[in-house]
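run-v1.pdb, holding PDB, C-alpha atoms:
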ATOM      1  CA  MET C   1     -36.210-102.645 -38.130
ATOM      2  CA  ASP C   2     -35.559-101.940 -34.423
ATOM      3  CA  GLU C   3     -32.307-100.089 -35.218
ATOM      4  CA  GLN C   4     -34.119 -98.038 -37.861
ATOM      5  CA  SER C   5     -36.862 -97.137 -35.375
ATOM      6  CA  ASN C   6     -34.351 -95.977 -32.761
ATOM      7  CA  TYR C   7     -32.525 -93.868 -35.326
ATOM      8  CA  GLN C   8     -35.772 -92.217 -36.344
ATOM      9  CA  GLU C   9     -36.653 -91.358 -32.713
ATOM     10  CA  THR C  10     -33.215 -89.869 -32.149
ATOM     11  CA  THR C  11     -33.352 -87.701 -35.266
ATOM     12  CA  GLU C  12     -36.881 -86.560 -34.475
ATOM     13  CA  GLY C  13     -36.005 -85.469 -30.801
ATOM     14  CA  SER C  14     -32.860 -83.429 -31.619
ATOM     15  CA  PRO C  15     -34.569 -80.356 -33.118
ATOM     16  CA  ARG C  16     -36.801 -79.892 -30.083
ATOM     17  CA  TRP C  17     -33.809 -79.702 -27.736
ATOM     18  CA  MET C  18     -31.962 -77.333 -29.974
ATOM     19  CA  GLY C  19     -35.010 -75.060 -30.206
ATOM     20  CA  MET C  20     -35.209 -74.840 -26.474
ATOM     21  CA  ALA C  21     -31.518 -73.992 -26.313
ATOM     22  CA  VAL C  22     -31.967 -71.273 -28.901
ATOM     23  CA  VAL C  23     -34.908 -69.803 -26.970
ATOM     24  CA  GLY C  24     -32.851 -69.841 -23.763
ATOM     25  CA  LEU C  25     -29.952 -68.144 -25.440
ATOM     26  CA  ALA C  26     -32.299 -65.509 -26.878
ATOM     27  CA  ILE C  27     -33.778 -64.837 -23.432
ATOM     28  CA  LEU C  28     -30.294 -64.522 -21.927
ATOM     29  CA  SER C  29     -29.302 -62.151 -24.719
ATOM     30  CA  LEU C  30     -32.337 -59.967 -24.092
ATOM     31  CA  VAL C  31     -31.612 -59.915 -20.363
ATOM     32  CA  GLY C  32     -27.972 -58.982 -21.074
ATOM     33  CA  VAL C  33     -29.027 -56.191 -23.439
ATOM     34  CA  GLY C  34     -31.486 -54.891 -20.832
ATOM     35  CA  LEU C  35     -28.851 -54.912 -18.124
ATOM     36  CA  ALA C  36     -26.357 -53.175 -20.418
ATOM     37  CA  TRP C  37     -28.951 -50.523 -21.357
ATOM     38  CA  ASN C  38     -29.800 -49.967 -17.697
ATOM     39  CA  ALA C  39     -26.110 -49.662 -16.784
ATOM     40  CA  GLY C  40     -25.592 -47.184 -19.656
ATOM     41  CA  GLY C  41     -28.536 -45.080 -18.408
ATOM     42  CA  HIS C  42     -27.095 -44.974 -14.914
ATOM     43  CA  ALA C  43     -23.724 -43.981 -16.344
ATOM     44  CA  ARG C  44     -25.314 -41.144 -18.334
ATOM     45  CA  ASP C  45     -27.227 -39.974 -15.259
ATOM     46  CA  ALA C  46     -24.048 -40.075 -13.192
ATOM     47  CA  GLU C  47     -22.189 -38.118 -15.895
ATOM     48  CA  GLN C  48     -24.944 -35.454 -16.018
ATOM     49  CA  ALA C  49     -24.989 -35.176 -12.214
ATOM     50  CA  LEU C  50     -21.200 -34.834 -12.181
ATOM     51  CA  ALA C  51     -21.376 -32.109 -14.858
ATOM     52  CA  THR C  52     -24.054 -30.253 -12.865
ATOM     53  CA  GLN C  53     -22.005 -30.471  -9.669
ATOM     54  CA  THR C  54     -18.904 -29.279 -11.550
ATOM     55  CA  LYS C  55     -20.807 -26.285 -12.959
ATOM     56  CA  THR C  56     -22.218 -25.439  -9.515
ATOM     57  CA  PHE C  57     -18.753 -25.688  -7.962
ATOM     58  CA  GLN C  58     -17.300 -23.440 -10.675
ATOM     59  CA  GLN C  59     -20.045 -20.845 -10.102
ATOM     60  CA  SER C  60     -19.431 -20.970  -6.361
ATOM     61  CA  GLN C  61     -15.697 -20.568  -6.932
ATOM     62  CA  ASP C  62     -16.313 -17.581  -9.247
ATOM     63  CA  GLY C  63     -18.594 -15.999  -6.632
ATOM     64  CA  ILE C  64     -15.954 -16.468  -3.935
ATOM     65  CA  SER C  65     -13.279 -14.963  -6.221
ATOM     66  CA  GLN C  66     -15.489 -11.934  -6.902
ATOM     67  CA  ARG C  67     -16.165 -11.425  -3.191
ATOM     68  CA  ILE C  68     -12.429 -11.707  -2.444
ATOM     69  CA  ALA C  69     -11.637  -9.148  -5.173
ATOM     70  CA  GLN C  70     -14.331  -6.790  -3.826
ATOM     71  CA  ALA C  71     -12.968  -7.185  -0.305
ATOM     72  CA  GLU C  72      -9.447  -6.399  -1.552
ATOM     73  CA  ARG C  73     -10.686  -3.260  -3.363
ATOM     74  CA  THR C  74     -12.576  -2.129  -0.254
ATOM     75  CA  ASN C  75      -9.507  -2.754   1.888
ATOM     76  CA  ALA C  76      -7.334  -0.742  -0.526
ATOM     77  CA  GLU C  77      -9.803   2.186  -0.446
ATOM     78  CA  LEU C  78      -9.911   2.124   3.344
ATOM     79  CA  GLN C  79      -6.111   1.994   3.491
ATOM     80  CA  ALA C  80      -5.874   5.000   1.150
ATOM     81  CA  GLU C  81      -8.298   6.969   3.347
ATOM     82  CA  VAL C  82      -6.299   6.044   6.459
ATOM     83  CA  ASN C  83      -3.081   7.173   4.757
ATOM     84  CA  LEU C  84      -4.752  10.452   3.715
ATOM     85  CA  VAL C  85      -5.910  11.151   7.265
ATOM     86  CA  GLY C  86      -2.452  10.317   8.614
ATOM     87  CA  ASP C  87      -0.768  12.605   6.089
ATOM     88  CA  LYS C  88      -3.174  15.440   6.923
ATOM     89  CA  LEU C  89      -2.439  15.030  10.622
ATOM     90  CA  LYS C  90       1.312  15.080   9.964
ATOM     91  CA  LEU C  91       0.903  18.132   7.731
ATOM     92  CA  THR C  92      -1.151  19.973  10.349
ATOM     93  CA  GLU C  93       1.308  19.140  13.136
ATOM     94  CA  GLY C  94       4.231  20.458  11.078
ATOM     95  CA  GLN C  95       2.433  23.705  10.231
ATOM     96  CA  LEU C  96       1.390  24.162  13.850
ATOM     97  CA  ALA C  97       4.988  23.677  14.990
ATOM     98  CA  THR C  98       6.153  26.311  12.495
ATOM     99  CA  ALA C  99       3.494  28.781  13.658
ATOM    100  CA  ARG C 100       4.459  28.222  17.288
ATOM    101  CA  SER C 101       8.090  28.749  16.380
ATOM    102  CA  GLN C 102       7.225  32.089  14.769
ATOM    103  CA  VAL C 103       5.245  33.188  17.828
ATOM    104  CA  LYS C 104       8.110  32.127  20.087
ATOM    105  CA  GLN C 105      10.600  34.109  17.987
ATOM    106  CA  SER C 106       8.314  37.163  18.036
ATOM    107  CA  ARG C 107       8.030  36.938  21.807
ATOM    108  CA  ALA C 108      11.815  36.693  22.088
ATOM    109  CA  ASP C 109      12.229  39.807  19.924
ATOM    110  CA  TYR C 110       9.619  41.628  21.971
ATOM    111  CA  THR C 111      11.347  40.670  25.243
ATOM    112  CA  LYS C 112      14.710  41.850  23.919
ATOM    113  CA  LYS C 113      13.332  45.181  22.795
ATOM    114  CA  LEU C 114      11.483  45.606  26.078
ATOM    115  CA  ASN C 115      14.702  44.971  28.017
ATOM    116  CA  ASP C 116      16.477  47.518  25.844
ATOM    117  CA  VAL C 117      13.737  50.038  26.586
ATOM    118  CA  GLN C 118      13.955  49.393  30.317
ATOM    119  CA  ASN C 119      17.736  49.794  30.253
ATOM    120  CA  THR C 120      17.351  53.048  28.375
ATOM    121  CA  LEU C 121      14.767  54.276  30.873
ATOM    122  CA  ALA C 122      17.186  53.535  33.705
ATOM    123  CA  THR C 123      19.861  55.772  32.195
ATOM    124  CA  LYS C 124      17.685  58.626  30.905
ATOM    125  CA  ALA C 125      15.528  60.883  33.036
ATOM    126  CA  SER C 126      14.215  63.198  30.395
ATOM    127  CA  ALA C 127      10.441  63.241  30.103
ATOM    128  CA  ASP C 128      10.677  63.486  26.330
ATOM    129  CA  ASP C 129      12.922  60.428  26.191
ATOM    130  CA  VAL C 130      10.537  58.459  28.390
ATOM    131  CA  LYS C 131       7.624  59.400  26.124
ATOM    132  CA  ALA C 132       9.523  58.383  22.985
ATOM    133  CA  LEU C 133      10.563  55.077  24.509
ATOM    134  CA  GLY C 134       6.996  54.409  25.571
ATOM    135  CA  THR C 135       5.915  54.858  21.959
ATOM    136  CA  ASP C 136       8.536  52.312  20.849
ATOM    137  CA  VAL C 137       7.271  49.810  23.416
ATOM    138  CA  ASN C 138       3.689  50.208  22.212
ATOM    139  CA  GLY C 139       4.793  49.773  18.608
ATOM    140  CA  VAL C 140       6.634  46.541  19.392
ATOM    141  CA  LYS C 141       3.618  45.199  21.271
ATOM    142  CA  THR C 142       1.319  46.099  18.379
ATOM    143  CA  ASP C 143       3.584  44.277  15.920
ATOM    144  CA  LEU C 144       3.591  41.190  18.134
ATOM    145  CA  ASP C 145      -0.207  41.174  18.455
ATOM    146  CA  SER C 146      -0.537  41.590  14.688
ATOM    147  CA  THR C 147       1.787  38.641  14.057
ATOM    148  CA  LYS C 148      -0.196  36.442  16.441
ATOM    149  CA  GLY C 149      -3.467  37.452  14.808
ATOM    150  CA  ASN C 150      -2.198  36.712  11.318
ATOM    151  CA  ILE C 151      -0.937  33.275  12.330
ATOM    152  CA  GLU C 152      -4.221  32.356  14.000
ATOM    153  CA  GLN C 153      -6.205  33.713  11.059
ATOM    154  CA  LEU C 154      -4.464  31.277   8.721
ATOM    155  CA  ARG C 155      -5.784  28.264  10.632
ATOM    156  CA  GLY C 156      -8.942  26.632   9.256
ATOM    157  CA  GLU C 157     -11.752  24.793  10.996
ATOM    158  CA  HIS C 158      -9.909  21.451  10.866
ATOM    159  CA  GLY C 159      -6.558  22.817  12.012
ATOM    160  CA  GLU C 160      -4.886  23.146   8.596
ATOM    161  CA  LEU C 161      -3.316  26.434   7.479
ATOM    162  CA  ILE C 162      -5.379  28.097   4.740
ATOM    163  CA  ALA C 163      -4.731  31.353   2.892
ATOM    164  CA  ARG C 164      -7.900  33.380   2.351
ATOM    165  CA  ASN C 165      -6.236  36.072   0.231
ATOM    166  CA  HIS C 166      -2.968  36.954  -1.492
ATOM    167  CA  GLU C 167      -1.369  38.461   1.629
ATOM    168  CA  GLU C 168      -2.007  35.357   3.714
ATOM    169  CA  LEU C 169      -0.710  33.190   0.869
ATOM    170  CA  GLU C 170       2.532  35.187   0.893
ATOM    171  CA  GLN C 171       2.885  34.396   4.606
ATOM    172  CA  LEU C 172       2.510  30.689   3.868
ATOM    173  CA  LYS C 173       5.145  30.959   1.134
ATOM    174  CA  ARG C 174       7.572  32.547   3.580
ATOM    175  CA  MET C 175       7.161  29.572   5.912
ATOM    176  CA  GLY C 176       8.827  27.509   3.148
ATOM    177  CA  GLU C 177       7.231  24.157   3.942
ATOM    178  CA  ARG C 178       5.399  23.731   0.607
ATOM    179  CA  ASP C 179       5.230  25.279  -2.857
ATOM    180  CA  TYR C 180       2.203  27.341  -3.898
ATOM    181  CA  TYR C 181       0.765  28.045  -7.355
ATOM    182  CA  GLU C 182      -1.878  30.753  -7.763
ATOM    183  CA  PHE C 183      -4.546  30.653 -10.516
ATOM    184  CA  THR C 184      -7.527  32.652 -11.789
ATOM    185  CA  LEU C 185     -10.225  31.342 -14.178
ATOM    186  CA  THR C 186     -12.635  33.833 -15.757
ATOM    187  CA  SER C 187     -14.945  31.839 -18.062
ATOM    188  CA  LYS C 188     -16.825  28.567 -18.013
ATOM    189  CA  GLY C 189     -14.885  25.795 -19.731
ATOM    190  CA  GLN C 190     -11.540  27.569 -19.346
ATOM    191  CA  LYS C 191      -8.624  25.258 -18.528
ATOM    192  CA  GLU C 192      -5.295  26.141 -16.968
ATOM    193  CA  HIS C 193      -2.214  24.132 -15.982
ATOM    194  CA  VAL C 194      -1.493  24.619 -12.278
ATOM    195  CA  GLY C 195       1.580  22.704 -11.105
ATOM    196  CA  GLN C 196       1.142  19.072 -12.189
ATOM    197  CA  THR C 197      -2.630  19.513 -12.483
ATOM    198  CA  MET C 198      -4.961  20.986 -15.087
ATOM    199  CA  ILE C 199      -8.025  22.777 -13.679
ATOM    200  CA  GLU C 200     -11.227  23.392 -15.662
ATOM    201  CA  PHE C 201     -13.781  26.022 -14.572
ATOM    202  CA  ARG C 202     -17.282  24.484 -14.673
ATOM    203  CA  GLY C 203     -19.422  27.065 -12.822
ATOM    204  CA  ALA C 204     -19.815  29.221  -9.706
ATOM    205  CA  SER C 205     -22.403  30.990  -7.533
ATOM    206  CA  ALA C 206     -21.379  34.141  -5.691
ATOM    207  CA  LYS C 207     -24.626  34.069  -3.709
ATOM    208  CA  LYS C 208     -24.024  30.563  -2.378
ATOM    209  CA  HIS C 209     -20.218  31.001  -2.186
ATOM    210  CA  GLN C 210     -19.838  27.756  -4.121
ATOM    211  CA  TYR C 211     -18.070  26.626  -7.268
ATOM    212  CA  THR C 212     -17.628  23.548  -9.484
ATOM    213  CA  ILE C 213     -14.384  22.517 -11.174
ATOM    214  CA  ALA C 214     -12.866  19.527 -12.951
ATOM    215  CA  MET C 215      -9.285  18.451 -12.266
ATOM    216  CA  TYR C 216      -7.123  16.339 -14.569
ATOM    217  CA  VAL C 217      -4.701  14.368 -12.397
ATOM    218  CA  ASP C 218      -2.480  11.557 -13.774
ATOM    219  CA  ASP C 219      -4.719  11.120 -16.876
ATOM    220  CA  THR C 220      -7.830  10.979 -14.664
ATOM    221  CA  ARG C 221     -10.667  13.526 -14.660
ATOM    222  CA  LEU C 222     -12.034  14.390 -11.202
ATOM    223  CA  GLU C 223     -15.082  16.678 -10.955
ATOM    224  CA  LYS C 224     -15.679  18.553  -7.702
ATOM    225  CA  LYS C 225     -19.222  19.937  -7.519
ATOM    226  CA  ASN C 226     -20.622  22.686  -5.289
ATOM    227  CA  ARG C 227     -17.480  23.181  -3.200
ATOM    228  CA  SER C 228     -17.415  26.051  -0.696
ATOM    229  CA  VAL C 229     -14.976  28.947  -0.620
ATOM    230  CA  ASN C 230     -11.850  28.186   1.473
ATOM    231  CA  GLU C 231     -12.782  24.485   1.579
ATOM    232  CA  PRO C 232      -9.554  22.546   0.887
ATOM    233  CA  ILE C 233      -9.603  19.738  -1.701
ATOM    234  CA  TYR C 234      -6.986  17.044  -1.048
ATOM    235  CA  PHE C 235      -5.732  14.601  -3.706
ATOM    236  CA  TYR C 236      -2.632  12.618  -4.645
ATOM    237  CA  ALA C 237      -0.556  12.920  -7.824
ATOM    238  CA  GLY C 238       2.610  11.462  -9.277
ATOM    239  CA  GLY C 239       2.767   8.616  -6.756
ATOM    240  CA  SER C 240       3.348  10.982  -3.833
ATOM    241  CA  ARG C 241       2.462   9.826  -0.325
ATOM    242  CA  GLN C 242       1.741  13.416   0.694
ATOM    243  CA  PRO C 243      -1.466  15.059  -0.572
ATOM    244  CA  LEU C 244      -1.755  18.129  -2.731
ATOM    245  CA  GLU C 245      -4.177  20.813  -1.517
ATOM    246  CA  LEU C 246      -6.348  23.029  -3.730
ATOM    247  CA  VAL C 247      -8.152  26.044  -2.222
ATOM    248  CA  VAL C 248     -10.471  28.520  -3.978
ATOM    249  CA  ASN C 249     -10.654  31.662  -1.822
ATOM    250  CA  GLN C 250     -12.506  34.072  -4.159
ATOM    251  CA  VAL C 251     -15.735  33.307  -6.066
ATOM    252  CA  SER C 252     -17.988  35.343  -8.333
ATOM    253  CA  ASP C 253     -20.553  34.194 -10.891
ATOM    254  CA  LYS C 254     -17.968  34.223 -13.704
ATOM    255  CA  LYS C 255     -14.639  34.027 -11.919
ATOM    256  CA  ILE C 256     -12.749  31.986  -9.335
ATOM    257  CA  SER C 257      -9.298  32.511  -7.842
ATOM    258  CA  GLY C 258      -7.211  30.352  -5.558
ATOM    259  CA  TYR C 259      -4.031  28.363  -5.243
ATOM    260  CA  LEU C 260      -2.575  24.863  -5.350
ATOM    261  CA  SER C 261      -0.292  23.728  -2.513
ATOM    262  CA  ALA C 262       2.176  20.925  -3.282
ATOM    263  CA  PRO C 263       4.891  19.186  -1.234
ATOM    264  CA  LYS C 264       8.443  20.139  -2.091
ATOM    265  CA  ALA C 265       9.209  16.729  -3.664
ATOM    266  CA  ILE C 266       6.277  16.974  -6.110
ATOM    267  CA  ALA C 267       7.145  20.573  -6.977
ATOM    268  CA  ALA C 268      10.738  19.593  -7.758
ATOM    269  CA  SER C 269       9.512  16.736  -9.972
ATOM    270  CA  ALA C 270       7.149  19.059 -11.842
ATOM    271  CA  LYS C 271       9.979  21.519 -12.551
ATOM    272  CA  THR C 272      12.233  18.683 -13.796
ATOM    273  CA  ASN C 273       9.536  17.307 -16.101
TER     274      ASN C 273
END

Could the structure of this file be written out as structure tokens, please?
Amino acid sequence: MDEQSNYQETTEGSPRWMGMAVVGLAILSLVGVGLAWNAGGHARDAEQALATQTKTFQQSQDGISQRIAQAERTNAELQAEVNLVGDKLKLTEGQLATARSQVKQSRADYTKKLNDVQNTLATKASADDVKALGTDVNGVKTDLDSTKGNIEQLRGEHGELIARNHEELEQLKRMGERDYYEFTLTSKGQKEHVGQTMIEFRGASAKKHQYTIAMYVDDTRLEKKNRSVNEPIYFYAGGSRQPLELVVNQVSDKKISGYLSAPKAIAASAKTN
């Protein structure tokens, strides 16, 4: 009877202990699930923060790349303007040297003729001969003054040589430094090939001495609005480092005339093509 009583007490106490163990395990499981859920939330938050920072960094990098590209374009434009100014200065210096050389040669011719006249005067005493020789001296001096005036007249406000009419353009051609192409447009919308360039007449005002044209250079259309007579237009074509120069020296309401000046290298290329 005692052994049976002890067995009954043992069998009756076992389920209570096991229930407590099960409850403990359940609590631990819930705590573990909660910790895992919390850790997963932190991981998702960290992933979202990392994605946001990555997007912000990419945007910043794109902004920096755009600013660098803009700075490079600005630098290239400034460099092109500096090269244009340098080429214009070189062009003006060369033309000035040629003009000075012509004046110097004219002075030398005048001095030679004057010496010849003086030598002739020393050997001839006739009044008629002296009068005739005096006329020759005056003629030589007049020719020299005319040459000086023509050379100075060809110089524009900024020092470059500009032809204001056909006669002055012929003088520039004789200097031989550049090639010149004359053109005349008589109706709005008219196009004409001039050298390597096509020029389109867009409009003109004789009262204001202004005109508007469009130029087609290397597959690019450039419109020049309200330009003044004898105002040079500089541009580059065909990869040349020297600028081309376009000048309109006659304007009426329905007509413009002028010329295109090109460096020798570009002119030779245009003839070859």

Next on the checklist: Would you pick out the contacts of stretch 246-255 of chain C at 10 Å or less, using only C-alpha atoms, so that residues sharing its chain but fewer than 3 positions from it are not included, and give the list as a PyMOL selection string?
Outcome noted: chain C and resi 162-166+180-188+194+201-211+227-235+243+258-262

Checklist entry - In Å, with one decimal, what is the gap from atom CA of C:Met198 to atom CA of C:Asp218? => result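 It comes out at 9.8 Å.
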
Checklist entry - Taking only C-alpha atoms into account, which of C:Gly40, C:Gly94, C:Gly195, C:Gly239 comes nearest C:Met175? => result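 Nearest to C:Met175: C:Gly94.
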
Kindly output stretch 46-57 of chain C as a PDB file, in the coordinates of the input, after building all heavy atoms.
ATOM      1  N   ALA C  46     -25.174 -40.439 -14.058  1.00  0.00           N
ATOM      2  CA  ALA C  46     -24.048 -40.075 -13.192  1.00  0.00           C
ATOM      3  C   ALA C  46     -23.190 -39.000 -13.853  1.00  0.00           C
ATOM      4  O   ALA C  46     -22.711 -38.058 -13.201  1.00  0.00           O
ATOM      5  CB  ALA C  46     -23.202 -41.317 -12.890  1.00  0.00           C
ATOM      6  N   GLU C  47     -22.994 -39.122 -15.182  1.00  0.00           N
ATOM      7  CA  GLU C  47     -22.189 -38.118 -15.895  1.00  0.00           C
ATOM      8  C   GLU C  47     -22.866 -36.748 -15.867  1.00  0.00           C
ATOM      9  O   GLU C  47     -22.224 -35.726 -15.648  1.00  0.00           O
ATOM     10  CB  GLU C  47     -21.987 -38.590 -17.334  1.00  0.00           C
ATOM     11  CG  GLU C  47     -21.093 -37.652 -18.156  1.00  0.00           C
ATOM     12  CD  GLU C  47     -20.877 -38.174 -19.561  1.00  0.00           C
ATOM     13  OE1 GLU C  47     -21.389 -39.274 -19.861  1.00  0.00           O
ATOM     14  OE2 GLU C  47     -20.205 -37.480 -20.349  1.00  0.00           O
ATOM     15  N   GLN C  48     -24.216 -36.726 -16.073  1.00  0.00           N
ATOM     16  CA  GLN C  48     -24.944 -35.454 -16.018  1.00  0.00           C
ATOM     17  C   GLN C  48     -24.892 -34.849 -14.616  1.00  0.00           C
ATOM     18  O   GLN C  48     -24.719 -33.636 -14.450  1.00  0.00           O
ATOM     19  CB  GLN C  48     -26.395 -35.670 -16.450  1.00  0.00           C
ATOM     20  CG  GLN C  48     -26.543 -36.007 -17.931  1.00  0.00           C
ATOM     21  CD  GLN C  48     -27.992 -36.269 -18.323  1.00  0.00           C
ATOM     22  OE1 GLN C  48     -28.881 -36.278 -17.462  1.00  0.00           O
ATOM     23  NE2 GLN C  48     -28.228 -36.502 -19.615  1.00  0.00           N
ATOM     24  N   ALA C  49     -25.054 -35.676 -13.594  1.00  0.00           N
ATOM     25  CA  ALA C  49     -24.989 -35.176 -12.214  1.00  0.00           C
ATOM     26  C   ALA C  49     -23.606 -34.613 -11.917  1.00  0.00           C
ATOM     27  O   ALA C  49     -23.471 -33.560 -11.276  1.00  0.00           O
ATOM     28  CB  ALA C  49     -25.321 -36.303 -11.234  1.00  0.00           C
ATOM     29  N   LEU C  50     -22.564 -35.324 -12.401  1.00  0.00           N
ATOM     30  CA  LEU C  50     -21.200 -34.834 -12.181  1.00  0.00           C
ATOM     31  C   LEU C  50     -20.977 -33.494 -12.889  1.00  0.00           C
ATOM     32  O   LEU C  50     -20.357 -32.578 -12.336  1.00  0.00           O
ATOM     33  CB  LEU C  50     -20.191 -35.865 -12.685  1.00  0.00           C
ATOM     34  CG  LEU C  50     -18.701 -35.480 -12.526  1.00  0.00           C
ATOM     35  CD1 LEU C  50     -18.372 -35.256 -11.056  1.00  0.00           C
ATOM     36  CD2 LEU C  50     -17.806 -36.578 -13.121  1.00  0.00           C
ATOM     37  N   ALA C  51     -21.527 -33.376 -14.124  1.00  0.00           N
ATOM     38  CA  ALA C  51     -21.376 -32.109 -14.858  1.00  0.00           C
ATOM     39  C   ALA C  51     -22.096 -30.974 -14.135  1.00  0.00           C
ATOM     40  O   ALA C  51     -21.594 -29.852 -14.039  1.00  0.00           O
ATOM     41  CB  ALA C  51     -21.922 -32.267 -16.275  1.00  0.00           C
ATOM     42  N   THR C  52     -23.313 -31.277 -13.605  1.00  0.00           N
ATOM     43  CA  THR C  52     -24.054 -30.253 -12.865  1.00  0.00           C
ATOM     44  C   THR C  52     -23.303 -29.826 -11.611  1.00  0.00           C
ATOM     45  O   THR C  52     -23.204 -28.631 -11.296  1.00  0.00           O
ATOM     46  CB  THR C  52     -25.436 -30.795 -12.482  1.00  0.00           C
ATOM     47  OG1 THR C  52     -26.135 -31.180 -13.677  1.00  0.00           O
ATOM     48  CG2 THR C  52     -26.245 -29.729 -11.745  1.00  0.00           C
ATOM     49  N   GLN C  53     -22.768 -30.803 -10.881  1.00  0.00           N
ATOM     50  CA  GLN C  53     -22.005 -30.471  -9.669  1.00  0.00           C
ATOM     51  C   GLN C  53     -20.746 -29.662 -10.013  1.00  0.00           C
ATOM     52  O   GLN C  53     -20.393 -28.718  -9.296  1.00  0.00           O
ATOM     53  CB  GLN C  53     -21.605 -31.756  -8.947  1.00  0.00           C
ATOM     54  CG  GLN C  53     -22.795 -32.489  -8.300  1.00  0.00           C
ATOM     55  CD  GLN C  53     -22.366 -33.779  -7.624  1.00  0.00           C
ATOM     56  OE1 GLN C  53     -21.200 -34.160  -7.691  1.00  0.00           O
ATOM     57  NE2 GLN C  53     -23.323 -34.448  -6.972  1.00  0.00           N
ATOM     58  N   THR C  54     -20.105 -30.032 -11.133  1.00  0.00           N
ATOM     59  CA  THR C  54     -18.904 -29.279 -11.550  1.00  0.00           C
ATOM     60  C   THR C  54     -19.248 -27.838 -11.887  1.00  0.00           C
ATOM     61  O   THR C  54     -18.555 -26.901 -11.502  1.00  0.00           O
ATOM     62  CB  THR C  54     -18.261 -29.955 -12.765  1.00  0.00           C
ATOM     63  OG1 THR C  54     -17.923 -31.315 -12.439  1.00  0.00           O
ATOM     64  CG2 THR C  54     -17.001 -29.213 -13.191  1.00  0.00           C
ATOM     65  N   LYS C  55     -20.373 -27.643 -12.611  1.00  0.00           N
ATOM     66  CA  LYS C  55     -20.807 -26.285 -12.959  1.00  0.00           C
ATOM     67  C   LYS C  55     -21.148 -25.480 -11.714  1.00  0.00           C
ATOM     68  O   LYS C  55     -20.787 -24.311 -11.583  1.00  0.00           O
ATOM     69  CB  LYS C  55     -22.003 -26.371 -13.902  1.00  0.00           C
ATOM     70  CG  LYS C  55     -22.468 -25.010 -14.399  1.00  0.00           C
ATOM     71  CD  LYS C  55     -23.623 -25.153 -15.385  1.00  0.00           C
ATOM     72  CE  LYS C  55     -24.082 -23.790 -15.886  1.00  0.00           C
ATOM     73  NZ  LYS C  55     -25.215 -23.934 -16.834  1.00  0.00           N
ATOM     74  N   THR C  56     -21.862 -26.122 -10.774  1.00  0.00           N
ATOM     75  CA  THR C  56     -22.218 -25.439  -9.515  1.00  0.00           C
ATOM     76  C   THR C  56     -20.972 -25.062  -8.730  1.00  0.00           C
ATOM     77  O   THR C  56     -20.865 -23.958  -8.178  1.00  0.00           O
ATOM     78  CB  THR C  56     -23.120 -26.348  -8.670  1.00  0.00           C
ATOM     79  OG1 THR C  56     -24.286 -26.693  -9.427  1.00  0.00           O
ATOM     80  CG2 THR C  56     -23.546 -25.633  -7.390  1.00  0.00           C
ATOM     81  N   PHE C  57     -20.006 -25.982  -8.679  1.00  0.00           N
ATOM     82  CA  PHE C  57     -18.753 -25.688  -7.962  1.00  0.00           C
ATOM     83  C   PHE C  57     -18.007 -24.531  -8.611  1.00  0.00           C
ATOM     84  O   PHE C  57     -17.461 -23.663  -7.928  1.00  0.00           O
ATOM     85  CB  PHE C  57     -17.884 -26.943  -7.946  1.00  0.00           C
ATOM     86  CG  PHE C  57     -16.527 -26.725  -7.339  1.00  0.00           C
ATOM     87  CD1 PHE C  57     -16.362 -26.610  -5.958  1.00  0.00           C
ATOM     88  CD2 PHE C  57     -15.408 -26.599  -8.148  1.00  0.00           C
ATOM     89  CE1 PHE C  57     -15.107 -26.402  -5.412  1.00  0.00           C
ATOM     90  CE2 PHE C  57     -14.152 -26.394  -7.611  1.00  0.00           C
ATOM     91  CZ  PHE C  57     -14.009 -26.293  -6.228  1.00  0.00           C
TER      92      PHE C  57
END
